[in-house]
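Quick look at start_23.cif (mmCIF, N, CA, C and O atoms):
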```cif
data_final
#
loop_
_atom_site.label_atom_id
_atom_site.label_comp_id
_atom_site.auth_asym_id
_atom_site.auth_seq_id
_atom_site.Cartn_x
_atom_site.Cartn_y
_atom_site.Cartn_z
N MET O 1 0.84 -1.17 0.00
CA MET O 1 0.00 0.00 0.00
C MET O 1 0.89 1.24 0.00
O MET O 1 1.89 1.30 0.70
N LEU O 2 0.49 2.20 -0.81
CA LEU O 2 1.19 3.48 -0.87
C LEU O 2 0.44 4.47 0.01
O LEU O 2 -0.78 4.41 0.10
N VAL O 3 1.17 5.37 0.66
CA VAL O 3 0.56 6.27 1.62
C VAL O 3 0.81 7.73 1.23
O VAL O 3 1.94 8.10 0.91
N VAL O 4 -0.24 8.51 1.27
CA VAL O 4 -0.17 9.94 0.99
C VAL O 4 0.12 10.66 2.31
O VAL O 4 -0.47 10.31 3.34
N PRO O 5 0.99 11.66 2.30
CA PRO O 5 1.31 12.38 3.54
C PRO O 5 0.15 13.26 4.00
O PRO O 5 -0.81 13.48 3.24
N PRO O 6 0.22 13.79 5.22
CA PRO O 6 -0.86 14.63 5.75
C PRO O 6 -1.10 15.92 4.97
O PRO O 6 -2.21 16.44 4.97
N GLU O 7 -0.08 16.43 4.31
CA GLU O 7 -0.24 17.66 3.52
C GLU O 7 0.19 17.39 2.09
O GLU O 7 1.28 16.90 1.84
N LEU O 8 -0.69 17.74 1.15
CA LEU O 8 -0.37 17.57 -0.27
C LEU O 8 -0.96 18.75 -1.04
O LEU O 8 -2.11 18.73 -1.46
N THR O 9 -0.15 19.79 -1.13
CA THR O 9 -0.53 20.98 -1.88
C THR O 9 0.47 21.14 -3.02
O THR O 9 1.36 20.30 -3.21
N HIS O 10 0.33 22.21 -3.75
CA HIS O 10 1.24 22.47 -4.87
C HIS O 10 2.70 22.39 -4.42
O HIS O 10 3.54 21.87 -5.15
N ARG O 11 2.97 22.86 -3.23
CA ARG O 11 4.35 22.87 -2.70
C ARG O 11 4.95 21.47 -2.59
O ARG O 11 6.12 21.26 -2.85
N GLN O 12 4.15 20.48 -2.19
CA GLN O 12 4.64 19.11 -1.98
C GLN O 12 4.38 18.18 -3.16
O GLN O 12 4.81 17.04 -3.15
N ALA O 13 3.68 18.65 -4.17
CA ALA O 13 3.20 17.76 -5.23
C ALA O 13 4.32 17.01 -5.95
O ALA O 13 4.23 15.80 -6.14
N THR O 14 5.36 17.70 -6.34
CA THR O 14 6.44 17.05 -7.10
C THR O 14 7.12 15.97 -6.28
O THR O 14 7.33 14.84 -6.75
N ALA O 15 7.44 16.29 -5.03
CA ALA O 15 8.12 15.31 -4.17
C ALA O 15 7.20 14.14 -3.85
O ALA O 15 7.64 12.98 -3.85
N CYS O 16 5.92 14.42 -3.60
CA CYS O 16 4.99 13.35 -3.29
C CYS O 16 4.79 12.43 -4.49
O CYS O 16 4.77 11.20 -4.34
N LEU O 17 4.66 13.01 -5.66
CA LEU O 17 4.50 12.19 -6.86
C LEU O 17 5.72 11.31 -7.07
O LEU O 17 5.59 10.12 -7.37
N ALA O 18 6.90 11.86 -6.90
CA ALA O 18 8.13 11.07 -7.05
C ALA O 18 8.15 9.90 -6.06
O ALA O 18 8.50 8.78 -6.41
N MET O 19 7.74 10.17 -4.82
CA MET O 19 7.70 9.13 -3.80
C MET O 19 6.70 8.04 -4.17
O MET O 19 6.99 6.84 -4.09
N LEU O 20 5.50 8.44 -4.61
CA LEU O 20 4.49 7.46 -4.99
C LEU O 20 4.91 6.63 -6.20
O LEU O 20 4.70 5.42 -6.24
N LEU O 21 5.51 7.28 -7.18
CA LEU O 21 5.94 6.55 -8.38
C LEU O 21 7.07 5.58 -8.06
O LEU O 21 7.14 4.49 -8.62
N GLN O 22 7.95 5.97 -7.15
CA GLN O 22 9.01 5.05 -6.72
C GLN O 22 8.40 3.84 -6.02
O GLN O 22 8.79 2.70 -6.28
N GLY O 23 7.42 4.09 -5.16
CA GLY O 23 6.73 2.99 -4.49
C GLY O 23 5.98 2.11 -5.47
O GLY O 23 5.94 0.89 -5.33
N LEU O 24 5.41 2.73 -6.49
CA LEU O 24 4.68 1.98 -7.51
C LEU O 24 5.61 1.04 -8.27
O LEU O 24 5.24 -0.10 -8.55
N LYS O 25 6.80 1.49 -8.57
CA LYS O 25 7.77 0.64 -9.28
C LYS O 25 8.15 -0.58 -8.46
O LYS O 25 8.41 -1.65 -9.01
N ALA O 26 8.20 -0.42 -7.14
CA ALA O 26 8.57 -1.54 -6.26
C ALA O 26 7.37 -2.42 -5.92
O ALA O 26 7.55 -3.52 -5.40
N HIS O 27 6.18 -1.97 -6.23
CA HIS O 27 4.94 -2.66 -5.89
C HIS O 27 4.76 -3.87 -6.80
O HIS O 27 4.70 -3.74 -8.01
N ARG O 28 4.63 -5.05 -6.21
CA ARG O 28 4.55 -6.29 -7.00
C ARG O 28 3.13 -6.82 -7.17
O ARG O 28 2.87 -7.62 -8.04
N GLU O 29 2.20 -6.40 -6.32
CA GLU O 29 0.84 -6.91 -6.39
C GLU O 29 0.12 -6.33 -7.61
O GLU O 29 0.48 -5.26 -8.10
N PRO O 30 -0.91 -7.02 -8.10
CA PRO O 30 -1.65 -6.54 -9.28
C PRO O 30 -2.55 -5.34 -9.01
O PRO O 30 -2.98 -4.67 -9.94
N THR O 31 -2.82 -5.07 -7.74
CA THR O 31 -3.66 -3.94 -7.38
C THR O 31 -2.86 -2.95 -6.54
O THR O 31 -2.25 -3.33 -5.55
N VAL O 32 -2.89 -1.70 -6.95
CA VAL O 32 -2.23 -0.64 -6.20
C VAL O 32 -3.29 0.09 -5.39
O VAL O 32 -4.28 0.57 -5.94
N VAL O 33 -3.09 0.15 -4.08
CA VAL O 33 -4.00 0.87 -3.20
C VAL O 33 -3.22 2.03 -2.59
O VAL O 33 -2.14 1.84 -2.04
N VAL O 34 -3.79 3.22 -2.71
CA VAL O 34 -3.20 4.40 -2.10
C VAL O 34 -4.05 4.76 -0.89
O VAL O 34 -5.26 4.90 -1.00
N ASP O 35 -3.40 4.90 0.25
CA ASP O 35 -4.09 5.26 1.48
C ASP O 35 -3.97 6.77 1.69
O ASP O 35 -2.89 7.29 1.91
N ALA O 36 -5.10 7.45 1.62
CA ALA O 36 -5.13 8.90 1.79
C ALA O 36 -5.74 9.29 3.14
O ALA O 36 -6.11 10.45 3.34
N THR O 37 -5.81 8.36 4.06
CA THR O 37 -6.43 8.59 5.35
C THR O 37 -5.78 9.74 6.12
O THR O 37 -6.46 10.52 6.78
N ALA O 38 -4.47 9.87 6.03
CA ALA O 38 -3.74 10.90 6.78
C ALA O 38 -3.89 12.30 6.18
O ALA O 38 -3.56 13.29 6.82
N LEU O 39 -4.38 12.37 4.96
CA LEU O 39 -4.44 13.65 4.23
C LEU O 39 -5.40 14.63 4.89
O LEU O 39 -6.58 14.37 5.01
N LYS O 40 -4.85 15.75 5.34
CA LYS O 40 -5.65 16.78 6.02
C LYS O 40 -5.61 18.12 5.30
O LYS O 40 -6.60 18.83 5.27
N ALA O 41 -4.47 18.49 4.75
CA ALA O 41 -4.31 19.77 4.04
C ALA O 41 -3.99 19.46 2.59
O ALA O 41 -3.02 18.77 2.30
N PHE O 42 -4.82 19.98 1.68
CA PHE O 42 -4.64 19.66 0.26
C PHE O 42 -5.25 20.74 -0.60
O PHE O 42 -6.04 21.56 -0.14
N ASP O 43 -4.87 20.71 -1.86
CA ASP O 43 -5.51 21.54 -2.88
C ASP O 43 -5.67 20.66 -4.11
O ASP O 43 -5.49 19.44 -4.03
N SER O 44 -6.00 21.25 -5.23
CA SER O 44 -6.25 20.45 -6.43
C SER O 44 -5.00 19.70 -6.90
O SER O 44 -5.12 18.73 -7.66
N SER O 45 -3.84 20.08 -6.43
CA SER O 45 -2.61 19.35 -6.77
C SER O 45 -2.67 17.91 -6.28
O SER O 45 -2.09 17.01 -6.89
N ALA O 46 -3.37 17.68 -5.18
CA ALA O 46 -3.52 16.33 -4.66
C ALA O 46 -4.22 15.44 -5.69
O ALA O 46 -3.83 14.28 -5.89
N LEU O 47 -5.24 15.97 -6.34
CA LEU O 47 -5.92 15.20 -7.39
C LEU O 47 -4.98 14.92 -8.55
O LEU O 47 -4.96 13.80 -9.08
N ALA O 48 -4.20 15.92 -8.94
CA ALA O 48 -3.27 15.73 -10.05
C ALA O 48 -2.26 14.63 -9.73
O ALA O 48 -1.95 13.78 -10.57
N VAL O 49 -1.77 14.61 -8.50
CA VAL O 49 -0.81 13.58 -8.08
C VAL O 49 -1.46 12.20 -8.12
O VAL O 49 -0.89 11.25 -8.66
N LEU O 50 -2.65 12.09 -7.56
CA LEU O 50 -3.33 10.79 -7.54
C LEU O 50 -3.68 10.31 -8.95
O LEU O 50 -3.55 9.12 -9.25
N LEU O 51 -4.09 11.23 -9.81
CA LEU O 51 -4.42 10.84 -11.19
C LEU O 51 -3.18 10.39 -11.96
O LEU O 51 -3.24 9.42 -12.73
N GLU O 52 -2.06 11.05 -11.73
CA GLU O 52 -0.82 10.62 -12.40
C GLU O 52 -0.38 9.25 -11.88
O GLU O 52 0.06 8.40 -12.65
N CYS O 53 -0.50 9.05 -10.60
CA CYS O 53 -0.17 7.74 -10.03
C CYS O 53 -1.08 6.66 -10.63
O CYS O 53 -0.63 5.57 -10.97
N ARG O 54 -2.36 6.98 -10.77
CA ARG O 54 -3.31 6.05 -11.39
C ARG O 54 -2.90 5.73 -12.82
O ARG O 54 -2.91 4.58 -13.24
N ARG O 55 -2.55 6.76 -13.59
CA ARG O 55 -2.12 6.54 -14.99
C ARG O 55 -0.92 5.60 -15.04
O ARG O 55 -0.88 4.69 -15.87
N GLU O 56 0.03 5.83 -14.16
CA GLU O 56 1.23 4.98 -14.15
C GLU O 56 0.89 3.54 -13.76
O GLU O 56 1.42 2.60 -14.35
N ALA O 57 0.01 3.38 -12.77
CA ALA O 57 -0.38 2.03 -12.36
C ALA O 57 -1.07 1.30 -13.51
O ALA O 57 -0.75 0.14 -13.81
N LEU O 58 -2.02 1.98 -14.16
CA LEU O 58 -2.74 1.35 -15.26
C LEU O 58 -1.83 1.04 -16.43
O LEU O 58 -1.97 -0.01 -17.07
N SER O 59 -0.86 1.91 -16.70
CA SER O 59 0.06 1.65 -17.81
C SER O 59 0.99 0.48 -17.49
O SER O 59 1.56 -0.12 -18.40
N SER O 60 1.11 0.15 -16.21
CA SER O 60 1.91 -1.01 -15.79
C SER O 60 1.06 -2.27 -15.70
O SER O 60 1.52 -3.31 -15.24
N GLY O 61 -0.22 -2.16 -16.11
CA GLY O 61 -1.10 -3.32 -16.09
C GLY O 61 -1.69 -3.62 -14.72
O GLY O 61 -2.17 -4.72 -14.49
N LYS O 62 -1.66 -2.64 -13.81
CA LYS O 62 -2.20 -2.85 -12.47
C LYS O 62 -3.50 -2.07 -12.30
O LYS O 62 -3.70 -1.06 -12.96
N SER O 63 -4.35 -2.55 -11.41
CA SER O 63 -5.54 -1.78 -11.08
C SER O 63 -5.16 -0.78 -9.99
O SER O 63 -4.13 -0.91 -9.34
N PHE O 64 -6.01 0.21 -9.78
CA PHE O 64 -5.69 1.30 -8.88
C PHE O 64 -6.92 1.72 -8.10
O PHE O 64 -8.02 1.80 -8.65
N SER O 65 -6.74 1.96 -6.81
CA SER O 65 -7.82 2.51 -6.00
C SER O 65 -7.24 3.34 -4.87
O SER O 65 -6.07 3.23 -4.53
N VAL O 66 -8.10 4.19 -4.32
CA VAL O 66 -7.72 5.06 -3.22
C VAL O 66 -8.65 4.76 -2.05
O VAL O 66 -9.86 4.66 -2.23
N GLN O 67 -8.09 4.63 -0.87
CA GLN O 67 -8.91 4.48 0.32
C GLN O 67 -8.69 5.68 1.23
O GLN O 67 -7.62 6.28 1.21
N GLY O 68 -9.70 6.04 1.97
CA GLY O 68 -9.58 7.12 2.93
C GLY O 68 -9.51 8.51 2.33
O GLY O 68 -8.99 9.43 2.96
N LEU O 69 -10.03 8.68 1.12
CA LEU O 69 -10.01 9.99 0.48
C LEU O 69 -10.91 10.94 1.27
O LEU O 69 -12.08 10.62 1.52
N PRO O 70 -10.39 12.08 1.72
CA PRO O 70 -11.23 13.02 2.48
C PRO O 70 -12.46 13.44 1.67
O PRO O 70 -12.39 13.58 0.44
N ALA O 71 -13.56 13.65 2.37
CA ALA O 71 -14.82 14.00 1.70
C ALA O 71 -14.68 15.25 0.83
O ALA O 71 -15.21 15.30 -0.28
N ALA O 72 -13.95 16.24 1.32
CA ALA O 72 -13.78 17.48 0.55
C ALA O 72 -13.00 17.23 -0.75
O ALA O 72 -13.32 17.80 -1.79
N LEU O 73 -12.01 16.35 -0.69
CA LEU O 73 -11.25 16.04 -1.90
C LEU O 73 -12.09 15.18 -2.85
O LEU O 73 -12.03 15.35 -4.06
N ARG O 74 -12.89 14.30 -2.30
CA ARG O 74 -13.80 13.49 -3.12
C ARG O 74 -14.80 14.41 -3.82
O ARG O 74 -15.11 14.25 -5.00
N GLY O 75 -15.29 15.43 -3.10
CA GLY O 75 -16.19 16.41 -3.70
C GLY O 75 -15.52 17.20 -4.81
O GLY O 75 -16.11 17.46 -5.86
N MET O 76 -14.27 17.59 -4.58
CA MET O 76 -13.51 18.32 -5.59
C MET O 76 -13.33 17.46 -6.84
O MET O 76 -13.48 17.93 -7.97
N ALA O 77 -13.05 16.18 -6.64
CA ALA O 77 -12.89 15.26 -7.77
C ALA O 77 -14.19 15.17 -8.56
O ALA O 77 -14.17 15.15 -9.80
N GLY O 78 -15.31 15.15 -7.84
CA GLY O 78 -16.61 15.13 -8.52
C GLY O 78 -16.84 16.39 -9.34
O GLY O 78 -17.32 16.33 -10.47
N LEU O 79 -16.49 17.54 -8.77
CA LEU O 79 -16.65 18.80 -9.49
C LEU O 79 -15.82 18.84 -10.77
O LEU O 79 -16.23 19.39 -11.78
N TYR O 80 -14.63 18.25 -10.70
CA TYR O 80 -13.73 18.23 -11.86
C TYR O 80 -14.05 17.11 -12.83
O TYR O 80 -13.42 16.97 -13.87
N GLY O 81 -15.03 16.27 -12.46
CA GLY O 81 -15.44 15.19 -13.36
C GLY O 81 -14.52 13.97 -13.33
O GLY O 81 -14.55 13.16 -14.24
N VAL O 82 -13.73 13.83 -12.27
CA VAL O 82 -12.82 12.68 -12.17
C VAL O 82 -13.11 11.82 -10.94
O VAL O 82 -12.31 10.96 -10.59
N GLY O 83 -14.25 12.05 -10.33
CA GLY O 83 -14.60 11.32 -9.12
C GLY O 83 -14.63 9.81 -9.33
O GLY O 83 -14.20 9.05 -8.46
N ILE O 84 -15.11 9.37 -10.46
CA ILE O 84 -15.20 7.94 -10.75
C ILE O 84 -13.80 7.30 -10.81
O ILE O 84 -13.65 6.11 -10.55
N LEU O 85 -12.79 8.09 -11.09
CA LEU O 85 -11.43 7.58 -11.17
C LEU O 85 -10.80 7.36 -9.80
O LEU O 85 -9.80 6.68 -9.67
N MET O 86 -11.40 7.95 -8.78
CA MET O 86 -10.88 7.85 -7.42
C MET O 86 -11.72 6.87 -6.60
O MET O 86 -12.18 7.15 -5.51
N THR O 87 -11.94 5.69 -7.15
CA THR O 87 -12.78 4.71 -6.49
C THR O 87 -12.13 4.23 -5.20
O THR O 87 -10.92 4.06 -5.13
N PRO O 88 -12.94 4.01 -4.17
CA PRO O 88 -12.38 3.51 -2.92
C PRO O 88 -11.93 2.08 -3.05
O PRO O 88 -12.45 1.32 -3.87
N ALA O 89 -10.95 1.73 -2.25
CA ALA O 89 -10.47 0.34 -2.24
C ALA O 89 -11.57 -0.54 -1.66
O ALA O 89 -12.23 -0.16 -0.71
N GLY O 90 -11.76 -1.70 -2.28
CA GLY O 90 -12.83 -2.58 -1.85
C GLY O 90 -12.41 -3.44 -0.76
O GLY O 90 -12.97 -4.15 -0.08
#
```
With the file now loaded, output its structure as structure tokens.
Amino acid sequence: MLVVPPELTHRQATACLAMLLQGLKAHREPTVVVDATALKAFDSSALAVLLECRREALSSGKSFSVQGLPAALRGMAGLYGVGILMTPAG
């Protein structure tokens, strides 16, 4: 499981994406789950990071899901029309 830090704004986006992509490369399971439970401070950059991580997972032939996505970020994803892409882990 990959973990998102408590703060993910434009300032942390590049470093967080690099960390997640590095974890994705080491991830051997067919399903990638990102845990966003700790995420408390965020902006739309958090969605961009998660969507890029999803693209990389799918291009590697893996499925992707997010668990613990804060309600406000889930709402933002819905407003941007990408809510369906941020499906919760089953």
Tell me, as a list in words, which residues lie within 9 Å of region 27-40 of chain O, counting only C-alpha atoms; anything in the same chain fewer than 3 positions away does not count.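 After dropping sequence-adjacent residues, the list is Met1, Leu2, Val3, Val4, Pro5, Pro6, Glu7, Leu8, Leu20, Gln22, Gly23, Leu24, Leu50, Arg54, Ala57, Gly61, Lys62, Ser63, Phe64, Ser65, Val66, Gln67, Gly68, Leu69, Pro70, Pro88 and Ala89 of chain O.
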Output for the residues just chosen: N, CA, C and O atoms as a JSON list (two decimals), in the coordinates of the input:
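As written to disk, again.json reads:
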```json
[["chain", "number", "residue", "atom", "x", "y", "z"],
["O", 1, "MET", "N", 0.84, -1.17, 0.00],
["O", 1, "MET", "CA", 0.00, 0.00, 0.00],
["O", 1, "MET", "C", 0.89, 1.24, 0.00],
["O", 1, "MET", "O", 1.89, 1.30, 0.70],
["O", 2, "LEU", "N", 0.49, 2.20, -0.81],
["O", 2, "LEU", "CA", 1.19, 3.48, -0.87],
["O", 2, "LEU", "C", 0.44, 4.47, 0.01],
["O", 2, "LEU", "O", -0.78, 4.41, 0.10],
["O", 3, "VAL", "N", 1.17, 5.37, 0.66],
["O", 3, "VAL", "CA", 0.56, 6.27, 1.62],
["O", 3, "VAL", "C", 0.81, 7.73, 1.23],
["O", 3, "VAL", "O", 1.94, 8.10, 0.91],
["O", 4, "VAL", "N", -0.24, 8.51, 1.27],
["O", 4, "VAL", "CA", -0.17, 9.94, 0.99],
["O", 4, "VAL", "C", 0.12, 10.66, 2.31],
["O", 4, "VAL", "O", -0.47, 10.31, 3.34],
["O", 5, "PRO", "N", 0.99, 11.66, 2.30],
["O", 5, "PRO", "CA", 1.31, 12.38, 3.54],
["O", 5, "PRO", "C", 0.15, 13.26, 4.00],
["O", 5, "PRO", "O", -0.81, 13.48, 3.24],
["O", 6, "PRO", "N", 0.22, 13.79, 5.22],
["O", 6, "PRO", "CA", -0.86, 14.63, 5.75],
["O", 6, "PRO", "C", -1.10, 15.92, 4.97],
["O", 6, "PRO", "O", -2.21, 16.44, 4.97],
["O", 7, "GLU", "N", -0.08, 16.43, 4.31],
["O", 7, "GLU", "CA", -0.24, 17.66, 3.52],
["O", 7, "GLU", "C", 0.19, 17.39, 2.09],
["O", 7, "GLU", "O", 1.28, 16.90, 1.84],
["O", 8, "LEU", "N", -0.69, 17.74, 1.15],
["O", 8, "LEU", "CA", -0.37, 17.57, -0.27],
["O", 8, "LEU", "C", -0.96, 18.75, -1.04],
["O", 8, "LEU", "O", -2.11, 18.73, -1.46],
["O", 20, "LEU", "N", 5.50, 8.44, -4.61],
["O", 20, "LEU", "CA", 4.49, 7.46, -4.99],
["O", 20, "LEU", "C", 4.91, 6.63, -6.20],
["O", 20, "LEU", "O", 4.70, 5.42, -6.24],
["O", 22, "GLN", "N", 7.95, 5.97, -7.15],
["O", 22, "GLN", "CA", 9.01, 5.05, -6.72],
["O", 22, "GLN", "C", 8.40, 3.84, -6.02],
["O", 22, "GLN", "O", 8.79, 2.70, -6.28],
["O", 23, "GLY", "N", 7.42, 4.09, -5.16],
["O", 23, "GLY", "CA", 6.73, 2.99, -4.49],
["O", 23, "GLY", "C", 5.98, 2.11, -5.47],
["O", 23, "GLY", "O", 5.94, 0.89, -5.33],
["O", 24, "LEU", "N", 5.41, 2.73, -6.49],
["O", 24, "LEU", "CA", 4.68, 1.98, -7.51],
["O", 24, "LEU", "C", 5.61, 1.04, -8.27],
["O", 24, "LEU", "O", 5.24, -0.10, -8.55],
["O", 50, "LEU", "N", -2.65, 12.09, -7.56],
["O", 50, "LEU", "CA", -3.33, 10.79, -7.54],
["O", 50, "LEU", "C", -3.68, 10.31, -8.95],
["O", 50, "LEU", "O", -3.55, 9.12, -9.25],
["O", 54, "ARG", "N", -2.36, 6.98, -10.77],
["O", 54, "ARG", "CA", -3.31, 6.05, -11.39],
["O", 54, "ARG", "C", -2.90, 5.73, -12.82],
["O", 54, "ARG", "O", -2.91, 4.58, -13.24],
["O", 57, "ALA", "N", 0.01, 3.38, -12.77],
["O", 57, "ALA", "CA", -0.38, 2.03, -12.36],
["O", 57, "ALA", "C", -1.07, 1.30, -13.51],
["O", 57, "ALA", "O", -0.75, 0.14, -13.81],
["O", 61, "GLY", "N", -0.22, -2.16, -16.11],
["O", 61, "GLY", "CA", -1.10, -3.32, -16.09],
["O", 61, "GLY", "C", -1.69, -3.62, -14.72],
["O", 61, "GLY", "O", -2.17, -4.72, -14.49],
["O", 62, "LYS", "N", -1.66, -2.64, -13.81],
["O", 62, "LYS", "CA", -2.20, -2.85, -12.47],
["O", 62, "LYS", "C", -3.50, -2.07, -12.30],
["O", 62, "LYS", "O", -3.70, -1.06, -12.96],
["O", 63, "SER", "N", -4.35, -2.55, -11.41],
["O", 63, "SER", "CA", -5.54, -1.78, -11.08],
["O", 63, "SER", "C", -5.16, -0.78, -9.99],
["O", 63, "SER", "O", -4.13, -0.91, -9.34],
["O", 64, "PHE", "N", -6.01, 0.21, -9.78],
["O", 64, "PHE", "CA", -5.69, 1.30, -8.88],
["O", 64, "PHE", "C", -6.92, 1.72, -8.10],
["O", 64, "PHE", "O", -8.02, 1.80, -8.65],
["O", 65, "SER", "N", -6.74, 1.96, -6.81],
["O", 65, "SER", "CA", -7.82, 2.51, -6.00],
["O", 65, "SER", "C", -7.24, 3.34, -4.87],
["O", 65, "SER", "O", -6.07, 3.23, -4.53],
["O", 66, "VAL", "N", -8.10, 4.19, -4.32],
["O", 66, "VAL", "CA", -7.72, 5.06, -3.22],
["O", 66, "VAL", "C", -8.65, 4.76, -2.05],
["O", 66, "VAL", "O", -9.86, 4.66, -2.23],
["O", 67, "GLN", "N", -8.09, 4.63, -0.87],
["O", 67, "GLN", "CA", -8.91, 4.48, 0.32],
["O", 67, "GLN", "C", -8.69, 5.68, 1.23],
["O", 67, "GLN", "O", -7.62, 6.28, 1.21],
["O", 68, "GLY", "N", -9.70, 6.04, 1.97],
["O", 68, "GLY", "CA", -9.58, 7.12, 2.93],
["O", 68, "GLY", "C", -9.51, 8.51, 2.33],
["O", 68, "GLY", "O", -8.99, 9.43, 2.96],
["O", 69, "LEU", "N", -10.03, 8.68, 1.12],
["O", 69, "LEU", "CA", -10.01, 9.99, 0.48],
["O", 69, "LEU", "C", -10.91, 10.94, 1.27],
["O", 69, "LEU", "O", -12.08, 10.62, 1.52],
["O", 70, "PRO", "N", -10.39, 12.08, 1.72],
["O", 70, "PRO", "CA", -11.23, 13.02, 2.48],
["O", 70, "PRO", "C", -12.46, 13.44, 1.67],
["O", 70, "PRO", "O", -12.39, 13.58, 0.44],
["O", 88, "PRO", "N", -12.94, 4.01, -4.17],
["O", 88, "PRO", "CA", -12.38, 3.51, -2.92],
["O", 88, "PRO", "C", -11.93, 2.08, -3.05],
["O", 88, "PRO", "O", -12.45, 1.32, -3.87],
["O", 89, "ALA", "N", -10.95, 1.73, -2.25],
["O", 89, "ALA", "CA", -10.47, 0.34, -2.24],
["O", 89, "ALA", "C", -11.57, -0.54, -1.66],
["O", 89, "ALA", "O", -12.23, -0.16, -0.71]]
```
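Note that the spacing between CA of Ser60 (chain O) and CA of Asp43 (chain O) amounts to 27.0 Å.
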Hey, which of O:Met76, O:Leu21, O:Ala26, O:Ala71 ends up closest to Leu47 (chain O)? Count all atoms listed in the file.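 That would be O:Met76, the residue with the smallest distance to Leu47 (chain O).
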Interatomic distance, CA of Lys25 (chain O) to CA of Gly81 (chain O) (Å, one decimal):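 Between these atoms lies a distance of 27.7 Å.
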Give me, as a list in words, all polymer residues having an atom no more than 12 Å from Ala48 (chain O), counting only C-alpha atoms and skipping those fewer than 2 positions away in the same chain. Leu8, Thr9, His10, Gln12, Ala13, Thr14, Cys16, Leu17, Phe42, Asp43, Ser44, Ser45, Ala46, Leu50, Leu51, Glu52, Cys53, Arg54, Arg55, Leu73, Met76, Ala77, Tyr80, Val82, Leu85 and Met86 of chain O
